Each structure stands twice: as structure tokens, then as C-alpha cells.
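Before any comments, here is the structure.
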Amino acid sequence: MAVDARPSPPGDYDVVVVGSGPGGLQTSYCLGRLGVGHAVISADDGPGGMFRRFPLFERLISWTHSSADVPRDSREFEAHDQNSLVADEREHRGLVAGLLAEDRRRPAREEMEASLHAFAERAGVAVRYGARWTATRAEGERFVLTTDDGEYRSRAVVFAIGMTEPWVPSIPGLGLEHHYVSVESRPGRYRDRRVVIVGKRNSAFEVGESLIRQGIRELTLVSPRPPDLGRLARSPLRPWYLTPYDEHVRGAPGRYVLNASVERVERIGEGYRVHAVDPTRQEPLVLEADEVVAATGFEAPLGDLPQLGVATVLDGRLPALTPTFESVTVPGVFFAGNVTQAAQGLRKHGVASVSSMVCGFRYNARILARHLAESLFGLRQERPLVDPERVVPYLLSELDRAPELAMQKGYLARVLSASAGELRDEGILPLELFVDGETDGVAAALEFDAEEEIRPVLYVRRGGLLREAVLPPHPLRRYDALVYRDALSELLRPLLAG
Amino acid sequence: MPADGVADRLAQLTLFADLRWPEIEAVAHTFEEEVFGAGQRVLRQGITGGAFYVILEGEAAVVIDGQERARLGRGDYFGEISALTGGVPVADIRAETLLRCLSLPGPELEPFLLERPSVMLRMLQAEARRLRDSNTWQ
């Protein structure tokens with residue numbers, strides 16, 4: 001009988017991680033460095049997750065500036081590179097930059113997949129591929145995952161399963177066969193066709209742009225909500241490919257971007273008739289089309305987790321999460337990767353986290369791994385004392401340079417706890433944990449304000465009383481200026497006095 | 001929740017009772033759905049950048065300076081005072097059960113209401129009742 005050489009056979013583990021996309025790899029990497037025993041299982045036959053399939057037409061919308069003037073293996077480079085996973089060892093950092101075609105600033109799907117292969121291999125992330133998770137049950141304090149290979153038991157499970165299953169709202173006549181993922185990439189396939197795209201998020205504009213390039217006759221994007229163009233900072237997945245909108249606004253024949261809800265899609269011979277209602281108009285809109293595309297988004301493949309009691313949000317498309325990425329209803333069930341976008345944070349001024357993107361969730365994974373190590377396995381990490389003389393310059397340099405704060409604005413913060421005049425570095429944490437907690441100390445974050453200006457914001461709690469200080473923006477985003485030094489000194493004086 | 005669940009639930013709430021179905025659907029797409037576990041905070045006393053929330057399901061506590069002052073349930077809403085006056089929330093809102101809400105960022109509430117006078121009137125009536133009741137009690 002052949003011996004199965006794959007790692008992590010079925011059995012008992014402290015933690016089981018499901019998924020081998022960037023979220024699963026980053027979580028496994030971080031758990032490993034903290035000494036938490038775990039298995040990683042994946043239904044795929046190699047690493048990459050969503051980047052084995054998506055995006056279908058265009059490059060990613062996140063940047064990797066290979067020519068940045070800081071070393072690729074430095075922490076600062078992470079702000080120049082939204083796409084690489086993060087590592088303690090310098091040789092595993094910034095891998096996307098090394099794989100990007102010359103003169104490109106945004107990776108193609110293949111480059112992204114290659115970088116994840118490289119990370120898994122070089123950083124030694126061991127995954128059991130071809131092991132599909134099929135069912136979940138709770139047995140006392142442990143969870144049992146059924147897979148193709150057998151049963152896995154663990155105290156905590158981290159589902160890094162992506163939000164990549166096609167999702168179509170219940171509109172009569174609109175089905176999964178119309179979904180974005182079914183759009184054929186064969187050149188010329190849509191030439192001279194009339195296409196209605198249901199949706200106005202990034203994937204709708206992406207496919208629209210691609211179809212325009214093919215020379216389609218008519219393109220209509222339709223959904224109830226106007227495109228998020230005025231709120232670039234607030235929406236990480238805002239439209240990037242603006243040709244369809246630009247041509248609509250300028251009145252190009254056969255280019256329409258409509259704010260209307262689609263009532264039903266009727267099949268007429270070889271084509272379609274799409275019935276839509278614009279609440280500001282009396283009569284319904286009837287759109288004749290040869291093709292209909294549902295760019296209506298994706299859902300997380302949660303399997304039987306809702307039956308286990310996992311509460312969901314967005315029509316069941318995502319699990320509802322605590323600030324430490326745990327199901328709000330089933331303790332021990334955790335999530336990593338782009339599903340962590342369901343952990344809302346403070347959402348001040350309506351600004352969402354960027355946890356839907358690698359540049360956001362790579363840091364969430366680090367936080368999750370530490371949380372698991374400390375809360376479940378007693379692997380308490382050090383909180384170094386910060387020299388009182390160095391507190392202000394330290395926080396200013398974090399505001400200036402910490403990639404976690406720059407990427408996850410309004411969501412992650414550098415937190416110092418205070419006790420009897422001593423300050424300790426608690427690390428990078430979700431801001432919500434500090435604001436809604438009781439620990440005295442300070443949290444430093446970068447945030448968008450209501451006008452989408454980036455501002456440093458300090459939260460100081462002393463004697464249980466929380467104070468928020470929103471500091472002025474700086475045109476070059478440099479926070480070592482005197483105005484910030486003075487403000488921080490003033491804010492921190494009571495904490496340092498004990 | 002099924003795909004059309006949010007719009008269906010909105011249609012049952014007093015605040016949106018005068019809207020036609022396509023308008024209800026547009027409202028469902030304008031708001032974000034947020035779900036909180038018991039004990040999680042939704043709005044924070046004294047912190048800027050809050051939003052307007054409508055409760056679809058569950059119960060929340062209004063907490064001022066650590067003291068619980070009131071309970072809110074399905075169809076109730078909060079955050080409108082700070083959203084409309086530009087101030088900070090004067091209370092914490094804490095989920096007491098699993099709490100499902102729809103939210104709209106504070107600065108977007110005013111244009112939202114101006115486009116929907118019937119919703120504005122319903123809100124004004126509710127605020128007037130609150131004012132009357134608070135006067136009666138004092």
C-alpha cells in the first residue's frame with residue numbers, strides 16, 4: 001500500500017486551519033512561529049486560494065511598488081506592497097515584488113498565485129492538500145471536522161475559506177449561470193452583443209471594461225445603489241475600471257449606468273428582457289439584451305456552519321464576527337483571510353476596514369494567531385516596557401511608518417497599556433478592542449475623517465475614562481512635526497504621571 | 001436570512017411604512033447590514049464618526065456613563081441625534097442579544113431624509129413623542 005506522505009493526517013490538534021489561500025497560509029505561518037500545534041487542510045491541490053481563479057480579466061487593484069526607496073525586506077516596504085504575505089524572517093518578505101513583471105505596479109493573478117506558492121514553500125507552511133472539509137460538529141469542548149480523508153479534532157478551528165463562491169440575489173430569471181464567474185474569456189465572444197450587467201461594484205466595472213475592449217454594441221450596468229465614486233477611501237473594493245461610467249456620463253451611445261432595482265429577467269428567444277424599476281420614475285425600465293451578467297458578488301462557503309449556530313450577515317454571505325475574528329455565537333469557531341471583513345471595527349464615518357484584501361487581513365492573521373496562543377494555550381507573549389522618554393517619539397514613528405496603521409486605517413492601532421506610570425507595548429490590535437475595553441493606556445491610529453482626510457487619532461484612557469483626540473492632517477502625512485509632538489506630550493502626561 | 005429578507009423586514013417597520021416597494025429595496029441597498037453579538041458595542045458615547053442605526057432584530061441597551069437608561073428593540077433606531085446635529089453620541093448602545101441592524105454613516109442621514117420626506121415626518125413624530133414623554137415625566 002502506498003504511504004500517504006502528505007502532512008497533517010486526520011487526528012487531534014490544538015487548532016485546525018481550513019484553507020490554503022493567503023489567509024490560511026498567513027495564519028498557519030503565524031501560529032507556527034508562536035509554537036501553536038496545528039493542521040492545515042485544503043480542498044485544493046496547491047496554495048493560492050482565490051488567486052487560483054480570480055480576478056478573471058484584469059490585474060489586481062492593489063499596489064506593489066517594487067521600485068520603492070526602502071529595502072524589500074524591511075517592515076516599511078509593506079506599505080509599498082499590498083500583496084505580499086508578512087514574515088518575521090527577512091528572506092520571506094516582499095515576495096510579490098520579486099515576481100512582478102517589469103514596469104508593472106499591480107500583480108496579475110498568475111503572479112499572485114506564484115508568490116503564494118513561493119511563500120508556502122520557503123516559509124515551510126505545510127498543508128494537507130486534497131482534504132475537503134465536508135461537515136462540522138461540536139463534541140464537548142472540541143470540534144470535529146469531517147473531511148475526505150477522515151476526522152480532525154481540535155479545540156479551535158480557523159476557517160480561511162475566502163468569500164469566493166458566486167452569489168446571486170433572488171431575482172426571478174437571474175441565476176448562477178449568469179454570474180460573473182461564468183463570463184467567457186474567449187476573445188470576440190461578446191463582440192456586437194448587447195450586455196446588461198446587474199451590479200455596480202468593482203467586478204461589474206471590471207467585466208464592463210473588458211467587454212468594451214472586445215467591441216460590444218451596448219453595455220448597461222444596473223443596480224439600486226449608485227456607484228461608490230464619491231467615497232473612494234471608504235470602500236476598499238470601489239470601482240477601479242471607470243471607462244463604462246465615464247462613457248455613460250459623457251453620453252456615449254449604448255453606454256448606460258442605471259440606478260434601478262431589477263425586478264425580473266425574462267428569456268425572449270435567444271435573448272433577454274430585463275425589467276427594472278427606478279423609484280424616481282413612474283414607468284418601469286425595460287432593457288433588451290443578448291447577454292445578462294450577474295456581477296452581484298460572492299459569499300463565503302460556510303457549509304454547515306449556520307446549522308452549528310454561526311450567525312451570519314449580508315444575506316448569509318459572511319459570518320458575524322467579534323473583534324478577534326470569532327463567531328459572535330459559536331466560541332471556538334474563528335475566521336481568517338478576507339472573511340475577516342465581517343469584523344466591523346468602529347466604522348467611524350462609515351469607513352470600512354480593508355480586511356477584504358491581503359494588505360488588511362495579513363495583519364488580522366497575526367493578531368488572531370497571538371490571540372489563540374494566549375487565550376487558549378497559555379503562550380503569553382512579552383509586553384515590553386516602553387521607556388517614558390521614548391513613548392512620544394515611538395508613537396509618532398508608528399504613525400509615520402507602521403504599515404499596519406497605514407493599511408488598516410481606523411481599524412488597527414498601536415496600543416500601549418498603562419499601570420502606575422509604566423507603559424507597556426501591547427502590540428498592534430484592533431482599535432475596537434482598546435476602545436471598548438477597560439485597560440488604561442493609549443491607542444494610536446490613522447483614520448479617515450468625514451472629508452476623507454487622513455488624520456492621526458489618539459485614544460487615551462485613564463482611571464477608566466476614555467478620551468478621543470483627533471489631530472490635524474499633514475499634507476505629506478508626516479507626523480514627526482512639532483504640532484504632533486506637543487499634542488502627544490500633553491495627552492500622555494497624565495498616564496506617565498501614574 | 002434569505003436574499004430579500006432585509007427589504008421585507010424594512011417594509012414592516014413604522015419608519016418606512018409610507019415607502020413603495022422599489023423605494024424600500026433602494027433603502028435596503030443604501031444601508032449596510034451589521035450584526036453584533038451580545039455585549040458588543042454599537043455606538044460609543046463621546047466618540048466621533050458615529051452612524052444612524054435601525055434595529056431589524058434583537059435588543060440593545062442605552063447606557064449613559066455606565067448606567068443603563070433604556071432598552072431598544074425591533075424597529076427602534078438610534079444615532080440620529082448626533083448624525084443630524086454633528087455632535088458625538090451621548091450614550092453607548094450595547095447589544096444585549098444577537099443584534100441585527102441596518103446602518104447609514106452619520107453625514108448621509110440628512111440627504112437620505114431630504115429625499116424621503118415621509119421618512120423624515122415619521123422620524124419627527126417619534127422625536128416629538130419622546131420629547132413630550134420626557135416633559136411629562138419631569
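Labels for the C-alpha cells follow display order: chains A, B, ..., residues from 1 in each chain, ligands from 1.
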- DSSP strand (DSSP E or B) selection over segment 8-105 of chain B, as a ChimeraX atom specification: /B:32-36,41-43,51-57,60-64,67-72,77-78,92-95,99-105
- Message: Need the shell around segment 45-48 of chain B: protein/DNA/RNA residues with any atom at most 7 Å away, counting only C-alpha atoms. Skip same-chain ones fewer than 4 positions apart. Format as a ChimeraX atom specification?
- Response: /A:468 /B:88-92
- Item | Contacts of segment 9-11 of chain B at 10 Å (only C-alpha atoms; same-chain gap of 4+ positions) as a list in words |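 What passes the distance filter is Asp4, Gly5, Leu15, Phe16, Ala17, Asp18, Leu19, Arg20, Trp21, Glu23, Ile24, Glu25, Val27, Ala28, Val54, Ile55, Leu56, Glu57, Arg74, Gly75 and Leu102 of chain B.
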- Task: Select residues of chain B: the criterion is any atom within 9 Å of an atom of chain A, counting only C-alpha atoms; output as a PyMOL selection string.
- Result: chain B and resi 1-6+20-23+25-27+29-30+32-38+40-44+46-51+98+100+103-107
Just-selected residues, C-alpha atoms written as a compact mmCIF listing (two decimals), in the first residue's frame:
```
# COMPACT_ATOMS: atom_id res chain seq x y z
CA MET B 1 -31.54 35.40 6.05
CA PRO B 2 -32.93 34.97 2.51
CA ALA B 3 -31.80 37.39 -0.16
CA ASP B 4 -34.90 39.56 0.03
CA GLY B 5 -35.06 39.35 3.82
CA VAL B 6 -33.74 42.82 4.61
CA ARG B 20 -43.36 51.98 -2.05
CA TRP B 21 -41.64 48.62 -2.66
CA PRO B 22 -38.95 49.85 -5.09
CA GLU B 23 -38.12 52.61 -2.59
CA GLU B 25 -35.49 48.00 -1.94
CA ALA B 26 -33.38 51.07 -2.64
CA VAL B 27 -33.23 51.78 1.11
CA HIS B 29 -29.27 48.66 -0.70
CA THR B 30 -28.30 52.07 0.71
CA GLU B 32 -25.22 48.39 5.45
CA GLU B 33 -26.28 45.38 7.47
CA GLU B 34 -24.36 44.88 10.71
CA VAL B 35 -24.70 42.05 13.24
CA PHE B 36 -23.43 42.29 16.82
CA GLY B 37 -23.01 39.61 19.45
CA ALA B 38 -24.44 40.07 22.95
CA GLN B 40 -20.70 44.15 21.72
CA ARG B 41 -20.92 47.90 21.45
CA VAL B 42 -22.68 49.53 18.51
CA LEU B 43 -22.36 53.27 19.24
CA ARG B 44 -19.92 54.83 21.70
CA GLY B 46 -18.29 60.70 23.18
CA ILE B 47 -16.59 59.15 20.13
CA THR B 48 -16.86 60.96 16.78
CA GLY B 49 -17.87 59.48 13.43
CA GLY B 50 -20.98 57.55 14.50
CA ALA B 51 -23.76 56.28 12.29
CA LEU B 98 -27.72 38.97 18.96
CA ARG B 100 -29.11 42.80 13.61
CA SER B 103 -26.65 51.43 9.38
CA LEU B 104 -26.07 54.62 7.46
CA PRO B 105 -22.97 56.80 8.05
CA GLY B 106 -23.91 59.95 10.01
CA PRO B 107 -23.29 62.52 7.25
```
- Message: For a test of reading the model, state the distance in Å between atom CA of Gly46 of chain A and atom CA of Pro166 of chain A, rounded to one decimal.
- Response: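 Atom CA of Gly46 of chain A sits 21.1 Å away from atom CA of Pro166 of chain A.
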- What is the atom CA of Lys200 of chain A to atom CA of Val181 of chain A distance in Å?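 Computed distance, atom CA of Lys200 of chain A to atom CA of Val181 of chain A, equals 15.6 Å.
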- Given only C-alpha atoms as the counted atoms, nearest of A:Arg281, A:Arg59, A:His474, A:Arg250 to Ser203 of chain A: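 Between A:Arg281, A:Arg59, A:His474, A:Arg250, the residue approaching Ser203 of chain A most closely is A:Arg59.
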- Query: Which parts of segment 10-132 of chain B does DSSP call helix (DSSP H, G or I) when run on the backbone here, written out as a PyMOL selection string?
  - Reply: chain B and resi 10-11+14-16+21-30+80-85+106-114+117-132
- Message: Ranking A:Leu488, A:Ala420, A:Met50, A:Val207 by minimum distance to Ala444 of chain A and counting only C-alpha atoms, which one comes first?
- Response: A:Leu488
- Min atom-atom distance to Gly162 of chain A from the set A:Pro55, A:Gly21, A:Gly332, A:Gly309, counting only C-alpha atoms, belongs to A:Gly21
